[in-house]
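J.: Below is target-v4.csv; it holds CSV, C-alpha atoms.
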```csv
chain,number,residue,atom,x,y,z
A,458,MET,CA,-6.0,-61.2,115.9
A,459,THR,CA,-9.3,-59.5,116.3
A,460,THR,CA,-11.1,-59.2,119.6
A,461,SER,CA,-14.6,-57.7,120.2
A,462,PRO,CA,-17.1,-57.7,123.0
A,463,SER,CA,-20.7,-58.5,122.2
A,464,PRO,CA,-23.7,-56.8,123.8
A,465,ASP,CA,-24.8,-60.1,125.4
A,466,GLY,CA,-21.6,-60.5,127.4
A,467,VAL,CA,-19.7,-62.7,124.9
A,468,THR,CA,-16.2,-61.7,123.8
A,469,THR,CA,-15.1,-63.2,120.5
A,470,THR,CA,-11.5,-63.6,119.2
A,471,LEU,CA,-10.6,-64.4,115.6
A,472,ASP,CA,-7.2,-65.2,114.1
A,473,ASP,CA,-6.0,-67.0,111.0
A,474,ASP,CA,-6.7,-70.5,112.4
A,475,SER,CA,-9.3,-70.1,115.1
A,476,ALA,CA,-12.5,-68.4,116.3
A,477,SER,CA,-13.1,-68.3,120.0
A,478,ALA,CA,-15.9,-67.0,122.2
A,479,THR,CA,-15.9,-66.4,126.0
A,480,ILE,CA,-18.6,-65.8,128.5
A,481,THR,CA,-19.1,-66.1,132.3
A,482,VAL,CA,-21.6,-68.8,133.2
A,483,ASN,CA,-23.5,-68.8,136.5
A,484,ALA,CA,-22.5,-72.3,137.5
A,485,SER,CA,-19.5,-74.2,138.8
A,486,ALA,CA,-16.9,-75.5,136.4
A,487,HIS,CA,-17.9,-79.1,137.4
A,488,ASP,CA,-21.5,-78.5,136.5
A,489,VAL,CA,-20.6,-76.8,133.2
A,490,PHE,CA,-18.2,-79.6,132.3
A,491,GLU,CA,-20.7,-82.3,133.1
A,492,TYR,CA,-23.2,-80.6,130.8
A,493,ILE,CA,-20.8,-80.1,127.9
A,494,ARG,CA,-19.5,-83.7,128.1
A,495,ARG,CA,-22.9,-85.1,127.4
A,496,PRO,CA,-23.5,-85.4,123.7
A,497,ALA,CA,-27.3,-85.4,124.3
A,498,ASN,CA,-26.9,-81.7,125.2
A,499,HIS,CA,-24.9,-80.6,122.1
A,500,ALA,CA,-28.0,-79.8,120.0
A,501,GLU,CA,-29.1,-77.3,122.7
A,502,ILE,CA,-25.7,-75.8,122.8
A,503,SER,CA,-25.1,-75.6,119.0
A,504,GLY,CA,-24.7,-72.0,118.0
A,505,ASP,CA,-25.6,-72.6,114.4
A,506,HIS,CA,-28.3,-75.3,115.0
A,507,THR,CA,-26.4,-77.8,112.8
A,508,VAL,CA,-26.2,-80.4,115.6
A,509,ARG,CA,-29.5,-82.3,115.7
A,510,GLY,CA,-29.0,-85.1,118.1
A,511,HIS,CA,-26.8,-87.8,119.6
A,512,LEU,CA,-26.7,-91.1,117.6
A,513,VAL,CA,-24.1,-93.4,119.1
A,514,GLY,CA,-21.4,-93.4,121.8
A,515,PRO,CA,-21.2,-93.0,125.5
A,516,GLU,CA,-23.7,-90.9,127.6
A,517,THR,CA,-20.8,-88.9,129.0
A,518,LEU,CA,-17.6,-88.3,127.1
A,519,GLY,CA,-14.2,-89.2,128.5
A,520,PRO,CA,-10.6,-89.5,127.2
A,521,ASP,CA,-10.6,-90.9,123.6
A,522,SER,CA,-14.4,-91.3,123.5
A,523,ARG,CA,-15.9,-91.7,120.1
A,524,PHE,CA,-19.5,-90.4,119.5
A,525,GLY,CA,-21.8,-89.9,116.6
A,526,MET,CA,-24.1,-87.0,116.0
A,527,LYS,CA,-27.0,-86.3,113.7
A,528,MET,CA,-26.2,-83.0,111.8
A,529,ARG,CA,-27.9,-80.8,109.2
A,530,PHE,CA,-26.1,-78.2,107.1
A,531,GLY,CA,-28.5,-77.9,104.1
A,532,VAL,CA,-29.0,-81.6,104.1
A,533,PRO,CA,-29.0,-84.1,107.0
A,534,TYR,CA,-25.8,-86.1,107.6
A,535,ARG,CA,-24.0,-87.9,110.4
A,536,ILE,CA,-20.6,-87.4,111.8
A,537,THR,CA,-18.4,-89.3,114.2
A,538,SER,CA,-16.0,-87.4,116.5
A,539,ARG,CA,-13.3,-88.4,119.0
A,540,VAL,CA,-12.3,-86.7,122.2
A,541,VAL,CA,-8.7,-85.5,121.8
A,542,GLU,CA,-8.2,-83.4,124.9
A,543,PHE,CA,-9.7,-84.2,128.3
A,544,ASP,CA,-8.9,-82.6,131.7
A,545,GLU,CA,-11.9,-83.0,133.9
A,546,ASP,CA,-13.7,-79.8,134.8
A,547,ARG,CA,-11.1,-77.8,132.8
A,548,VAL,CA,-10.8,-78.8,129.1
A,549,ILE,CA,-12.6,-81.0,126.6
A,550,ALA,CA,-12.0,-81.0,122.8
A,551,TRP,CA,-13.1,-83.3,120.0
A,552,CYS,CA,-12.4,-83.6,116.3
A,553,HIS,CA,-13.8,-85.6,113.4
A,554,LEU,CA,-12.2,-87.0,110.2
A,555,SER,CA,-11.0,-83.7,108.9
A,556,GLY,CA,-9.0,-83.0,112.1
A,557,HIS,CA,-10.2,-79.5,113.1
A,558,ARG,CA,-11.1,-79.2,116.8
A,559,TRP,CA,-14.0,-77.9,118.9
A,560,ARG,CA,-12.4,-77.1,122.3
A,561,TRP,CA,-14.1,-76.0,125.5
A,562,GLU,CA,-12.0,-74.5,128.3
A,563,LEU,CA,-13.3,-73.7,131.7
A,564,ARG,CA,-11.8,-71.4,134.3
A,565,PRO,CA,-13.6,-71.4,137.7
A,566,SER,CA,-14.0,-68.1,139.5
A,567,GLY,CA,-14.0,-67.8,143.3
A,568,ASP,CA,-17.6,-66.6,143.3
A,569,GLY,CA,-19.1,-69.9,141.9
A,570,THR,CA,-19.2,-68.7,138.3
A,571,THR,CA,-17.1,-70.1,135.5
A,572,GLU,CA,-15.4,-68.4,132.5
A,573,VAL,CA,-16.1,-70.6,129.5
A,574,THR,CA,-14.3,-70.4,126.1
A,575,GLU,CA,-15.3,-72.4,123.1
A,576,THR,CA,-12.7,-72.4,120.2
A,577,TYR,CA,-13.1,-73.7,116.7
A,578,ASP,CA,-9.5,-74.5,115.8
A,579,GLN,CA,-8.5,-75.5,112.3
A,580,SER,CA,-4.7,-75.5,113.0
A,581,THR,CA,-5.0,-79.3,113.4
A,582,ALA,CA,-7.0,-79.8,110.2
A,583,LYS,CA,-5.8,-82.2,107.6
A,584,VAL,CA,-6.7,-79.8,104.7
A,585,PRO,CA,-6.7,-76.3,106.3
A,586,LEU,CA,-6.5,-74.6,102.9
A,587,VAL,CA,-9.9,-76.0,101.9
A,588,LEU,CA,-11.4,-74.7,105.2
A,589,LYS,CA,-9.8,-71.3,104.5
A,590,MET,CA,-11.2,-71.2,101.0
A,591,MET,CA,-14.7,-71.9,102.5
A,592,GLY,CA,-14.3,-68.9,104.8
A,593,TYR,CA,-13.3,-70.5,108.0
A,594,PRO,CA,-12.6,-69.7,110.8
A,595,LYS,CA,-14.4,-66.4,110.3
A,596,ARG,CA,-17.6,-68.2,109.4
A,597,HIS,CA,-17.6,-69.8,112.8
A,598,ALA,CA,-17.1,-66.7,114.9
A,599,ALA,CA,-20.9,-66.1,115.3
A,600,ASN,CA,-21.4,-69.9,115.9
A,601,VAL,CA,-19.0,-70.1,118.9
A,602,ALA,CA,-20.4,-66.9,120.3
A,603,ASN,CA,-24.0,-68.3,120.1
A,604,SER,CA,-22.8,-71.6,121.6
A,605,VAL,CA,-21.4,-70.0,124.7
A,606,ALA,CA,-24.4,-67.8,125.0
A,607,ASN,CA,-26.7,-70.9,124.7
A,608,LEU,CA,-24.7,-72.6,127.4
A,609,ALA,CA,-25.0,-69.5,129.7
A,610,ALA,CA,-28.7,-69.3,129.0
A,611,HIS,CA,-29.1,-73.0,130.0
A,612,PHE,CA,-27.6,-72.3,133.5
A,613,ALA,CA,-29.5,-69.0,133.8
A,614,ARG,CA,-32.7,-71.1,133.7
A,615,GLN,CA,-31.6,-73.4,136.5
```
What is this file in structure tokens?
T.:
Amino acid sequence: MTTSPSPDGVTTTLDDDSASATITVNASAHDVFEYIRRPANHAEISGDHTVRGHLVGPETLGPDSRFGMKMRFGVPYRITSRVVEFDEDRVIAWCHLSGHRWRWELRPSGDGTTEVTETYDQSTAKVPLVLKMMGYPKRHAANVANSVANLAAHFARQ
């Protein structure tokens, strides 16, 4: 496992199956969770700008919610994901057809801030070898770092 702090306050962690990034956000866990659980906000949060917009599904995600997003990675495409972990104001995670997860974990601090960790986790993938051959999870280390930084920047503007 590799851990390194970034100059912008983000700490990243990389191991064989996951890439995580953590930052402290100047907002309550409830406010952060409410922001993350709205697919309409995912394009602003996206660390690699592949998320382009919300297509279908609920306005706010809950347990087992399914939602579709407009994406672009070279070419435009659409993807449907399902919420696979949900603990209000603490954890939300979703995955799509290939099975790897995008997980957000929130830890409230006593001072009104929240420690937020996003993890790209391919330990649940249906074909993890293909993902490893494509350079993941290492290729997502910068993406999750940028995502948590984007989230913190959103609340800094509030």
J.: Tell me, in Å to one decimal, how far CA of Arg523 in chain A is from CA of Val489 in chain A.
T.: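 Spanning CA of Arg523 in chain A to CA of Val489 in chain A is a straight-line distance of 20.4 Å.
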J.: Hey, which of A:Glu491, A:Asp473, A:Asp465, A:Asp521 ends up closest to Gly592 in chain A? Count only C-alpha atoms.
T.: A:Asp473
J.: List the residues sitting within 12 Å of (-29.0, -71.2, 134.0) in the file's frame, using all atoms listed in the file, as a PDB file with C-alpha atoms, in the coordinates of the input.
T.:
```
ATOM      1  CA  THR A 481     -19.100 -66.100 132.300  1.00  0.00           C
ATOM      2  CA  VAL A 482     -21.600 -68.800 133.200  1.00  0.00           C
ATOM      3  CA  ASN A 483     -23.500 -68.800 136.500  1.00  0.00           C
ATOM      4  CA  ALA A 484     -22.500 -72.300 137.500  1.00  0.00           C
ATOM      5  CA  SER A 485     -19.500 -74.200 138.800  1.00  0.00           C
ATOM      6  CA  ASP A 488     -21.500 -78.500 136.500  1.00  0.00           C
ATOM      7  CA  VAL A 489     -20.600 -76.800 133.200  1.00  0.00           C
ATOM      8  CA  TYR A 492     -23.200 -80.600 130.800  1.00  0.00           C
ATOM      9  CA  THR A 570     -19.200 -68.700 138.300  1.00  0.00           C
ATOM     10  CA  ALA A 606     -24.400 -67.800 125.000  1.00  0.00           C
ATOM     11  CA  ASN A 607     -26.700 -70.900 124.700  1.00  0.00           C
ATOM     12  CA  LEU A 608     -24.700 -72.600 127.400  1.00  0.00           C
ATOM     13  CA  ALA A 609     -25.000 -69.500 129.700  1.00  0.00           C
ATOM     14  CA  ALA A 610     -28.700 -69.300 129.000  1.00  0.00           C
ATOM     15  CA  HIS A 611     -29.100 -73.000 130.000  1.00  0.00           C
ATOM     16  CA  PHE A 612     -27.600 -72.300 133.500  1.00  0.00           C
ATOM     17  CA  ALA A 613     -29.500 -69.000 133.800  1.00  0.00           C
ATOM     18  CA  ARG A 614     -32.700 -71.100 133.700  1.00  0.00           C
ATOM     19  CA  GLN A 615     -31.600 -73.400 136.500  1.00  0.00           C
TER      20      GLN A 615
END
```
J.: Taking only C-alpha atoms into account, name the residue in A:Arg535, A:Lys595, A:Arg564, A:Lys589 that is nearest to Tyr577 in chain A.
T.: A:Lys595
J.: Quick one: residues within 12 Å of Leu588 in chain A, all atoms listed in the file counted, chain neighbours fewer than 2 positions away excluded, as a list in words?
T.: Asp473, Asp474, Ser475, Ser555, Gly556, His557, Tyr577, Asp578, Gln579, Ser580, Thr581, Ala582, Lys583, Val584, Pro585, Leu586, Met590, Met591, Gly592, Tyr593, Pro594, Lys595, Arg596 and His597 of chain A
J.: At what distance in Å, to one decimal, does CA of Thr517 in chain A lie from CA of Gly531 in chain A?
T.: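 Answer for the CA of Gly531 in chain A to CA of Thr517 in chain A separation: 28.3 Å.
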J.: Could you list, as an MDAnalysis selection string, every residue within 9 Å of His499 in chain A, counting all atoms listed in the file and ignoring same-chain residues fewer than 4 positions away?
T.: chainID A and resid 492:495 503 508:511 526
J.: Okay, now the selection with C-alpha atoms, as a JSON list (two decimals), keeping the file's coordinate frame?
T.:
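To be explicit, this is the file written out as selection_24.json:
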```
[["chain", "number", "residue", "atom", "x", "y", "z"],
["A", 492, "TYR", "CA", -23.20, -80.60, 130.80],
["A", 493, "ILE", "CA", -20.80, -80.10, 127.90],
["A", 494, "ARG", "CA", -19.50, -83.70, 128.10],
["A", 495, "ARG", "CA", -22.90, -85.10, 127.40],
["A", 503, "SER", "CA", -25.10, -75.60, 119.00],
["A", 508, "VAL", "CA", -26.20, -80.40, 115.60],
["A", 509, "ARG", "CA", -29.50, -82.30, 115.70],
["A", 510, "GLY", "CA", -29.00, -85.10, 118.10],
["A", 511, "HIS", "CA", -26.80, -87.80, 119.60],
["A", 526, "MET", "CA", -24.10, -87.00, 116.00]]
```
J.: Report, in Å to a single decimal, how far apart CA of Ser604 in chain A and CA of Ile502 in chain A are.
T.: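 So the two atoms, CA of Ile502 in chain A and CA of Ser604 in chain A, lie 5.2 Å apart.
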J.: Looking at only C-alpha atoms, which of A:Pro520, A:Asn498, A:Asp568, A:Asn603 is the one that sits closest to Phe543 in chain A?
T.: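 Ranked by minimum distance to Phe543 in chain A, first place goes to A:Pro520.
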J.: Around (-12.3, -82.3, 128.7), as given in the file, which residues come within 10 Å? Count all atoms listed in the file and list them as a list in words.
T.: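 The distance filter leaves exactly Phe490, Glu491, Ile493, Arg494, Leu518, Gly519, Pro520, Val540, Val541, Glu542, Phe543, Asp544, Glu545, Asp546, Arg547, Val548, Ile549, Ala550, Trp551, Arg560, Trp561, Glu562 and Leu563 of chain A.
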J.: Model the absent atoms of range 483-516 of chain A so that N, CA and C atoms are present, and write the result as an mmCIF file, in the frame of the given file.
T.:
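Listing of out_18.cif after writing:
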```
data_model
loop_
_atom_site.group_PDB
_atom_site.id
_atom_site.type_symbol
_atom_site.label_atom_id
_atom_site.label_comp_id
_atom_site.auth_asym_id
_atom_site.auth_seq_id
_atom_site.Cartn_x
_atom_site.Cartn_y
_atom_site.Cartn_z
ATOM 1 N N ASN A 483 -23.090 -68.731 135.123
ATOM 2 C CA ASN A 483 -23.500 -68.800 136.500
ATOM 3 C C ASN A 483 -23.630 -70.198 137.004
ATOM 4 N N ALA A 484 -22.510 -70.901 137.060
ATOM 5 C CA ALA A 484 -22.500 -72.300 137.500
ATOM 6 C C ALA A 484 -21.025 -72.671 137.787
ATOM 7 N N SER A 485 -20.843 -73.720 138.549
ATOM 8 C CA SER A 485 -19.500 -74.200 138.800
ATOM 9 C C SER A 485 -18.870 -74.835 137.604
ATOM 10 N N ALA A 486 -17.550 -74.885 137.561
ATOM 11 C CA ALA A 486 -16.900 -75.500 136.400
ATOM 12 C C ALA A 486 -17.268 -76.991 136.333
ATOM 13 N N HIS A 487 -17.466 -77.648 137.466
ATOM 14 C CA HIS A 487 -17.900 -79.100 137.400
ATOM 15 C C HIS A 487 -19.235 -79.209 136.752
ATOM 16 N N ASP A 488 -20.211 -78.379 137.124
ATOM 17 C CA ASP A 488 -21.500 -78.500 136.500
ATOM 18 C C ASP A 488 -21.514 -78.165 135.032
ATOM 19 N N VAL A 489 -20.746 -77.159 134.647
ATOM 20 C CA VAL A 489 -20.600 -76.800 133.200
ATOM 21 C C VAL A 489 -19.976 -77.938 132.456
ATOM 22 N N PHE A 490 -18.892 -78.483 132.994
ATOM 23 C CA PHE A 490 -18.200 -79.600 132.300
ATOM 24 C C PHE A 490 -19.095 -80.785 132.159
ATOM 25 N N GLU A 491 -19.834 -81.125 133.199
ATOM 26 C CA GLU A 491 -20.700 -82.300 133.100
ATOM 27 C C GLU A 491 -21.796 -82.072 132.042
ATOM 28 N N TYR A 492 -22.243 -80.852 131.863
ATOM 29 C CA TYR A 492 -23.200 -80.600 130.800
ATOM 30 C C TYR A 492 -22.629 -80.668 129.429
ATOM 31 N N ILE A 493 -21.452 -80.095 129.236
ATOM 32 C CA ILE A 493 -20.800 -80.100 127.900
ATOM 33 C C ILE A 493 -20.395 -81.529 127.518
ATOM 34 N N ARG A 494 -19.972 -82.335 128.454
ATOM 35 C CA ARG A 494 -19.500 -83.700 128.100
ATOM 36 C C ARG A 494 -20.547 -84.671 127.757
ATOM 37 N N ARG A 495 -21.808 -84.244 127.795
ATOM 38 C CA ARG A 495 -22.900 -85.100 127.400
ATOM 39 C C ARG A 495 -23.409 -84.782 126.011
ATOM 40 N N PRO A 496 -23.127 -85.659 125.036
ATOM 41 C CA PRO A 496 -23.500 -85.400 123.700
ATOM 42 C C PRO A 496 -25.026 -85.095 123.497
ATOM 43 N N ALA A 497 -25.855 -85.635 124.362
ATOM 44 C CA ALA A 497 -27.300 -85.400 124.300
ATOM 45 C C ALA A 497 -27.601 -83.883 124.428
ATOM 46 N N ASN A 498 -26.702 -83.105 125.021
ATOM 47 C CA ASN A 498 -26.900 -81.700 125.200
ATOM 48 C C ASN A 498 -26.364 -80.815 124.062
ATOM 49 N N HIS A 499 -25.625 -81.410 123.157
ATOM 50 C CA HIS A 499 -24.900 -80.600 122.100
ATOM 51 C C HIS A 499 -25.905 -79.926 121.168
ATOM 52 N N ALA A 500 -27.079 -80.487 120.910
ATOM 53 C CA ALA A 500 -28.000 -79.800 120.000
ATOM 54 C C ALA A 500 -28.524 -78.505 120.672
ATOM 55 N N GLU A 501 -28.726 -78.503 121.986
ATOM 56 C CA GLU A 501 -29.100 -77.300 122.700
ATOM 57 C C GLU A 501 -28.036 -76.234 122.678
ATOM 58 N N ILE A 502 -26.799 -76.683 122.782
ATOM 59 C CA ILE A 502 -25.700 -75.800 122.800
ATOM 60 C C ILE A 502 -25.329 -75.204 121.435
ATOM 61 N N SER A 503 -25.544 -75.964 120.396
ATOM 62 C CA SER A 503 -25.100 -75.600 119.000
ATOM 63 C C SER A 503 -25.479 -74.189 118.642
ATOM 64 N N GLY A 504 -24.464 -73.412 118.314
ATOM 65 C CA GLY A 504 -24.700 -72.000 118.000
ATOM 66 C C GLY A 504 -25.220 -71.768 116.588
ATOM 67 N N ASP A 505 -25.106 -72.739 115.711
ATOM 68 C CA ASP A 505 -25.600 -72.600 114.400
ATOM 69 C C ASP A 505 -26.756 -73.587 114.073
ATOM 70 N N HIS A 506 -27.151 -74.337 115.086
ATOM 71 C CA HIS A 506 -28.300 -75.300 115.000
ATOM 72 C C HIS A 506 -27.995 -76.425 114.004
ATOM 73 N N THR A 507 -26.721 -76.696 113.680
ATOM 74 C CA THR A 507 -26.400 -77.800 112.800
ATOM 75 C C THR A 507 -26.450 -79.141 113.517
ATOM 76 N N VAL A 508 -26.198 -79.129 114.825
ATOM 77 C CA VAL A 508 -26.200 -80.400 115.600
ATOM 78 C C VAL A 508 -27.696 -80.680 115.899
ATOM 79 N N ARG A 509 -28.126 -81.889 115.555
ATOM 80 C CA ARG A 509 -29.500 -82.300 115.700
ATOM 81 C C ARG A 509 -29.789 -83.329 116.739
ATOM 82 N N GLY A 510 -28.768 -84.093 117.134
ATOM 83 C CA GLY A 510 -29.000 -85.100 118.100
ATOM 84 C C GLY A 510 -27.857 -86.111 118.210
ATOM 85 N N HIS A 511 -27.836 -86.841 119.318
ATOM 86 C CA HIS A 511 -26.800 -87.800 119.600
ATOM 87 C C HIS A 511 -27.258 -89.174 118.996
ATOM 88 N N LEU A 512 -26.374 -89.819 118.244
ATOM 89 C CA LEU A 512 -26.700 -91.100 117.600
ATOM 90 C C LEU A 512 -26.097 -92.283 118.379
ATOM 91 N N VAL A 513 -24.774 -92.270 118.514
ATOM 92 C CA VAL A 513 -24.100 -93.400 119.100
ATOM 93 C C VAL A 513 -22.954 -92.908 120.005
ATOM 94 N N GLY A 514 -22.570 -93.770 120.944
ATOM 95 C CA GLY A 514 -21.400 -93.400 121.800
ATOM 96 C C GLY A 514 -21.886 -93.347 123.250
ATOM 97 N N PRO A 515 -20.945 -93.039 124.116
ATOM 98 C CA PRO A 515 -21.200 -93.000 125.500
ATOM 99 C C PRO A 515 -22.164 -91.839 125.919
ATOM 100 N N GLU A 516 -22.843 -92.002 127.037
ATOM 101 C CA GLU A 516 -23.700 -90.900 127.600
ATOM 102 C C GLU A 516 -22.875 -89.735 128.003
#
```
